[in-house]
Amino acid sequence: MQITIVTPQAQRYVEALSPCFPQCQWFYAEDAHSLKQVGLASEVLLATPSEAAKIISQMTNLRWLHSSFAGVDALLQAHLPKHYLLTNSRGVFGPLMSEYVFSYLLAHVQLHPVYQTQQQQCLWQPQSSQGLQGETFCCVGSGNISQHLARTAAHFGMRPVALSYSGKAKAPFAQVANFKQHQQLCPSAKAVVAVLPNTPKTRGLLNAEFFASLADDVVFFNVGRGDTLDQDALLNFLQAKPTAKAILDVTSPEPLPSNHPLWSQTNCTITPHIAAPSRVSDIIELFASKLQHYLAGEELSDRVDFAKGY
């Protein structure tokens, strides 16, 4: 079987994978432009979505493409072929996303910024803090990453709930409602974490109506896609609710223009899309597991539905 890898770390992938699968013939390049013609004949492709989008029209033998990212927006363009099975790497990002979200959430409720300021003033002045136990943790989206976040929230004694399109019950959430029922869950949530893909249905979903349902002191995260958020609505919410806090790891566009008012909004923190990076070691392990199943003719997990976009 012929396998092609197109990522900036392609050689590292091949060096790790080829000894484990000597029955496969491997081709690789750091970018699509550098890939030799013979690599286009492969049955399997491991690539970043943007590079894969440049060559899949030429890969008529392609049966399975694995994205090294969770987001696959570049592959969903209407003009691109969809004759293959598409999987993504969502399964490796849950732990990383939990570290990111809870590092900020714990620092917030434990008043780290307050004590840092007091230290600069040489103040020994205990403050009252509520902690996380008994609080509601709401995920906007109920997929793999949200499920991991929910389990982490439960570890801290929080009540994990979720919003999804179907609103169907799903473990490990204590309650699930559909997006139109957000007023059932959001007003009581201490933390609201958006983990949405970028699809026609999700763009602008986090709008003024959504923010009107959030608590005055909510901690809101967007770690999904920037296009799902109405940034003007968020800005208006943060200006009206000074005790609220927003942490944005994704924006629209990326990077956010230097003159955008969210940069200077004091109760908003912006990070440069680093919450859950694609670590090569994680993707190698994940792809190796999937390749074993593929070679055995077994079902693959983390399949992407082209119609849904995730």
# chains A, B, ... in the order shown; residues from 1 in each chain; ligands from 1

$ closest_atom_pairs --of "range 151-234 of chain A" --to "range 54-77 of chain A" --cutoff "12 Å" --atoms "only C-alpha atoms" --output "Markdown table"
| residue | atom | partner | partner_atom | distance |
| --- | --- | --- | --- | --- |
| A:Val195 | CA | A:Gly71 | CA | 10.9 |
| A:Leu196 | CA | A:Gly71 | CA | 9.7 |
| A:Pro197 | CA | A:Gly71 | CA | 6.7 |
| A:Asn198 | CA | A:Asp73 | CA | 6.8 |
| A:Thr199 | CA | A:Asp73 | CA | 7.9 |
| A:Pro200 | CA | A:Asp73 | CA | 10.8 |
| A:Val223 | CA | A:Gly71 | CA | 11.5 |
| A:Gly224 | CA | A:Gly71 | CA | 8.6 |
| A:Arg225 | CA | A:Gly71 | CA | 8.5 |
| A:Gly226 | CA | A:Gly71 | CA | 11.8 |
| A:Asp227 | CA | A:Asp73 | CA | 11.3 |

$ select_by_dssp --residues "range 6-196 of chain A" --states "strand (DSSP E)" --output "ChimeraX atom specification"
/A:6,25-29,44-47,64-67,85-87,136-140,159-164,175-178,189-194

$ residues_around --residues "Ala246 in chain A" --least-positions-apart "5" --cutoff "6 Å" --atoms "only C-alpha atoms" --output "ChimeraX atom specification"
/A:219-221,268

$ closest_residue --among "A:Asn267, A:Glu43, A:Met97, A:Ala215" --to "His83 in chain A" --atoms "only C-alpha atoms"
A:Glu43

$ atom_distance --atom1 "CA of His260 in chain A" --atom2 "CA of Thr243 in chain A"
21.0 Å

$ atom_distance --atom1 "CA of Ala212 in chain A" --atom2 "CA of Leu105 in chain A"
21.1 Å

$ residues_around --residues "Tyr165 in chain A" --least-positions-apart "2" --cutoff "9 Å" --atoms "only C-alpha atoms" --output "list in words"
Gly141, Leu163, Gly167, Lys168, Ala177, Asn178, Phe179 and Lys180 of chain A

$ atom_distance --atom1 "CA of His273 in chain A" --atom2 "CA of Arg90 in chain A"
15.4 Å

$ residues_around --residues "range 15-32 of chain A" --least-positions-apart "3" --cutoff "7 Å" --atoms "only C-alpha atoms" --output "list in words"
Met1, Gln2, Ile3, Thr4, Ile5, Val6, Thr7, Pro8, Gln9, Ala10, Gln11, Arg12, Leu35, Gly39, Glu51, Lys54, Ile55 and Ala288 of chain A

$ residues_around --residues "range 146-159 of chain A" --least-positions-apart "6" --cutoff "8 Å" --atoms "only C-alpha atoms" --output "ChimeraX atom specification"
/A:94-95,97-98,132-137,139-140,171-174,195

$ write_last_selection --atoms "N, CA, C and O atoms" --output "mmCIF file, in the first residue's frame"
data_model
loop_
_atom_site.group_PDB
_atom_site.id
_atom_site.type_symbol
_atom_site.label_atom_id
_atom_site.label_comp_id
_atom_site.auth_asym_id
_atom_site.auth_seq_id
_atom_site.Cartn_x
_atom_site.Cartn_y
_atom_site.Cartn_z
ATOM 1 N N GLY A 94 -8.276 16.809 23.563
ATOM 2 C CA GLY A 94 -9.009 16.984 24.808
ATOM 3 C C GLY A 94 -8.140 17.324 26.008
ATOM 4 O O GLY A 94 -8.407 18.305 26.719
ATOM 5 N N PRO A 95 -7.080 16.543 26.264
ATOM 6 C CA PRO A 95 -6.220 16.872 27.415
ATOM 7 C C PRO A 95 -5.571 18.243 27.306
ATOM 8 O O PRO A 95 -5.501 18.983 28.296
ATOM 9 N N MET A 97 -6.679 20.835 25.631
ATOM 10 C CA MET A 97 -7.699 21.870 25.783
ATOM 11 C C MET A 97 -8.089 22.025 27.246
ATOM 12 O O MET A 97 -8.340 23.141 27.725
ATOM 13 N N SER A 98 -8.142 20.922 27.973
ATOM 14 C CA SER A 98 -8.458 20.999 29.401
ATOM 15 C C SER A 98 -7.387 21.773 30.160
ATOM 16 O O SER A 98 -7.696 22.579 31.041
ATOM 17 N N LEU A 132 -14.682 26.352 42.495
ATOM 18 C CA LEU A 132 -15.445 25.764 41.396
ATOM 19 C C LEU A 132 -16.481 24.740 41.828
ATOM 20 O O LEU A 132 -17.406 24.431 41.064
ATOM 21 N N GLN A 133 -16.351 24.188 43.003
ATOM 22 C CA GLN A 133 -17.252 23.113 43.423
ATOM 23 C C GLN A 133 -18.700 23.573 43.426
ATOM 24 O O GLN A 133 -19.041 24.634 43.943
ATOM 25 N N GLY A 134 -19.541 22.753 42.809
ATOM 26 C CA GLY A 134 -20.968 23.033 42.751
ATOM 27 C C GLY A 134 -21.384 23.962 41.634
ATOM 28 O O GLY A 134 -22.576 24.167 41.402
ATOM 29 N N GLU A 135 -20.417 24.534 40.917
ATOM 30 C CA GLU A 135 -20.732 25.453 39.821
ATOM 31 C C GLU A 135 -21.066 24.673 38.543
ATOM 32 O O GLU A 135 -20.664 23.522 38.374
ATOM 33 N N THR A 136 -21.779 25.313 37.638
ATOM 34 C CA THR A 136 -22.140 24.700 36.357
ATOM 35 C C THR A 136 -21.096 25.066 35.301
ATOM 36 O O THR A 136 -20.683 26.211 35.188
ATOM 37 N N PHE A 137 -20.690 24.052 34.540
ATOM 38 C CA PHE A 137 -19.713 24.196 33.461
ATOM 39 C C PHE A 137 -20.406 23.832 32.162
ATOM 40 O O PHE A 137 -20.808 22.685 31.967
ATOM 41 N N CYS A 139 -20.562 23.478 28.075
ATOM 42 C CA CYS A 139 -19.863 23.371 26.806
ATOM 43 C C CYS A 139 -20.832 23.691 25.676
ATOM 44 O O CYS A 139 -21.938 23.153 25.635
ATOM 45 N N VAL A 140 -20.423 24.541 24.767
ATOM 46 C CA VAL A 140 -21.213 24.806 23.567
ATOM 47 C C VAL A 140 -20.643 23.902 22.481
ATOM 48 O O VAL A 140 -19.619 24.181 21.873
ATOM 49 N N ALA A 171 -23.293 11.159 27.625
ATOM 50 C CA ALA A 171 -22.306 11.130 28.708
ATOM 51 C C ALA A 171 -21.077 11.917 28.247
ATOM 52 O O ALA A 171 -20.752 11.918 27.055
ATOM 53 N N PRO A 172 -20.384 12.576 29.183
ATOM 54 C CA PRO A 172 -20.563 12.616 30.632
ATOM 55 C C PRO A 172 -21.336 13.844 31.126
ATOM 56 O O PRO A 172 -21.159 14.260 32.259
ATOM 57 N N PHE A 173 -22.182 14.420 30.274
ATOM 58 C CA PHE A 173 -22.896 15.637 30.649
ATOM 59 C C PHE A 173 -24.110 15.320 31.517
ATOM 60 O O PHE A 173 -24.861 14.383 31.235
ATOM 61 N N ALA A 174 -24.302 16.123 32.553
ATOM 62 C CA ALA A 174 -25.463 15.942 33.424
ATOM 63 C C ALA A 174 -26.746 16.333 32.703
ATOM 64 O O ALA A 174 -27.823 15.814 33.016
ATOM 65 N N VAL A 195 -16.772 25.209 21.811
ATOM 66 C CA VAL A 195 -15.871 24.297 21.097
ATOM 67 C C VAL A 195 -16.556 23.900 19.792
ATOM 68 O O VAL A 195 -16.834 22.732 19.555
#

$ closest_residue --among "A:Leu185, A:Ala41, A:Ala276, A:Leu256" --to "Leu96 in chain A" --atoms "only C-alpha atoms"
A:Ala276

$ residues_around --residues "Lys245 in chain A" --least-positions-apart "2" --cutoff "12 Å" --atoms "only C-alpha atoms" --output "PyMOL selection string"
chain A and resi 104-105+107-109+190-193+214-222+234-235+237-243+247-248+262+265-270

$ closest_residue --among "A:Val304, A:Ala162, A:Leu80, A:Ile145" --to "Ser50 in chain A" --atoms "only C-alpha atoms"
A:Leu80

$ select_by_dssp --residues "range 48-290 of chain A" --states "alpha helix (DSSP H)" --output "JSON, numbers by chain"
{"A": [49, 50, 51, 52, 53, 94, 95, 96, 97, 98, 99, 100, 101, 102, 103, 104, 105, 106, 107, 108, 109, 112, 113, 114, 115, 116, 117, 118, 119, 120, 144, 145, 146, 147, 148, 149, 150, 151, 152, 153, 154, 155, 208, 209, 210, 211, 212, 231, 232, 233, 234, 235, 236, 237, 238, 239, 240, 280, 281, 282, 283, 284, 285, 286, 287, 288, 289, 290]}

$ write_last_selection --atoms "C-alpha atoms" --output "tab-separated table (two decimals), in the first residue's frame"
chain	number	residue	atom	x	y	z
A	49	PRO	CA	-5.93	20.34	5.65
A	50	SER	CA	-4.58	23.32	3.72
A	51	GLU	CA	-1.89	21.27	1.97
A	52	ALA	CA	-4.25	18.34	1.33
A	53	ALA	CA	-6.73	20.71	-0.32
A	94	GLY	CA	-9.01	16.98	24.81
A	95	PRO	CA	-6.22	16.87	27.42
A	96	LEU	CA	-4.46	19.90	25.93
A	97	MET	CA	-7.70	21.87	25.78
A	98	SER	CA	-8.46	21.00	29.40
A	99	GLU	CA	-5.05	22.27	30.49
A	100	TYR	CA	-5.65	25.55	28.68
A	101	VAL	CA	-9.23	26.15	29.86
A	102	PHE	CA	-8.70	25.19	33.47
A	103	SER	CA	-5.41	27.05	33.80
A	104	TYR	CA	-7.33	30.26	33.12
A	105	LEU	CA	-10.46	29.26	35.01
A	106	LEU	CA	-8.60	28.23	38.17
A	107	ALA	CA	-6.42	31.35	38.09
A	108	HIS	CA	-9.58	33.43	37.81
A	109	VAL	CA	-11.52	31.89	40.69
A	112	HIS	CA	-4.28	35.05	40.99
A	113	PRO	CA	-4.33	38.49	39.28
A	114	VAL	CA	-5.58	40.10	42.51
A	115	TYR	CA	-2.81	38.58	44.61
A	116	GLN	CA	-0.19	39.45	42.01
A	117	THR	CA	-1.27	43.09	42.23
A	118	GLN	CA	-1.26	42.95	46.04
A	119	GLN	CA	2.24	41.53	46.03
A	120	GLN	CA	3.45	44.49	43.99
A	144	ASN	CA	-14.92	14.62	21.82
A	145	ILE	CA	-13.10	17.69	23.13
A	146	SER	CA	-16.15	18.93	25.04
A	147	GLN	CA	-16.57	15.51	26.62
A	148	HIS	CA	-12.99	15.62	27.90
A	149	LEU	CA	-13.56	19.12	29.26
A	150	ALA	CA	-16.71	17.87	31.00
A	151	ARG	CA	-14.82	15.07	32.73
A	152	THR	CA	-12.20	17.55	33.92
A	153	ALA	CA	-14.94	19.84	35.20
A	154	ALA	CA	-16.50	16.93	37.10
A	155	HIS	CA	-13.11	16.25	38.70
A	208	ALA	CA	-26.08	39.08	21.11
A	209	GLU	CA	-29.03	36.85	22.01
A	210	PHE	CA	-26.63	34.19	23.23
A	211	PHE	CA	-24.64	36.61	25.39
A	212	ALA	CA	-27.83	38.04	26.86
A	231	GLN	CA	-17.12	39.70	18.23
A	232	ASP	CA	-19.07	42.95	18.36
A	233	ALA	CA	-21.72	41.24	20.48
A	234	LEU	CA	-19.02	39.92	22.80
A	235	LEU	CA	-17.43	43.35	23.09
A	236	ASN	CA	-20.76	44.94	23.98
A	237	PHE	CA	-21.35	42.22	26.58
A	238	LEU	CA	-17.94	42.69	28.19
A	239	GLN	CA	-18.36	46.45	28.31
A	240	ALA	CA	-21.78	46.11	29.94
A	280	VAL	CA	3.81	15.42	16.20
A	281	SER	CA	4.23	12.67	18.80
A	282	ASP	CA	0.48	12.66	19.49
A	283	ILE	CA	-0.48	12.56	15.81
A	284	ILE	CA	2.02	9.77	15.10
A	285	GLU	CA	0.49	7.62	17.82
A	286	LEU	CA	-3.05	8.39	16.67
A	287	PHE	CA	-2.35	7.77	12.99
A	288	ALA	CA	-0.50	4.52	13.71
A	289	SER	CA	-3.52	3.22	15.62
A	290	LYS	CA	-5.89	4.21	12.83
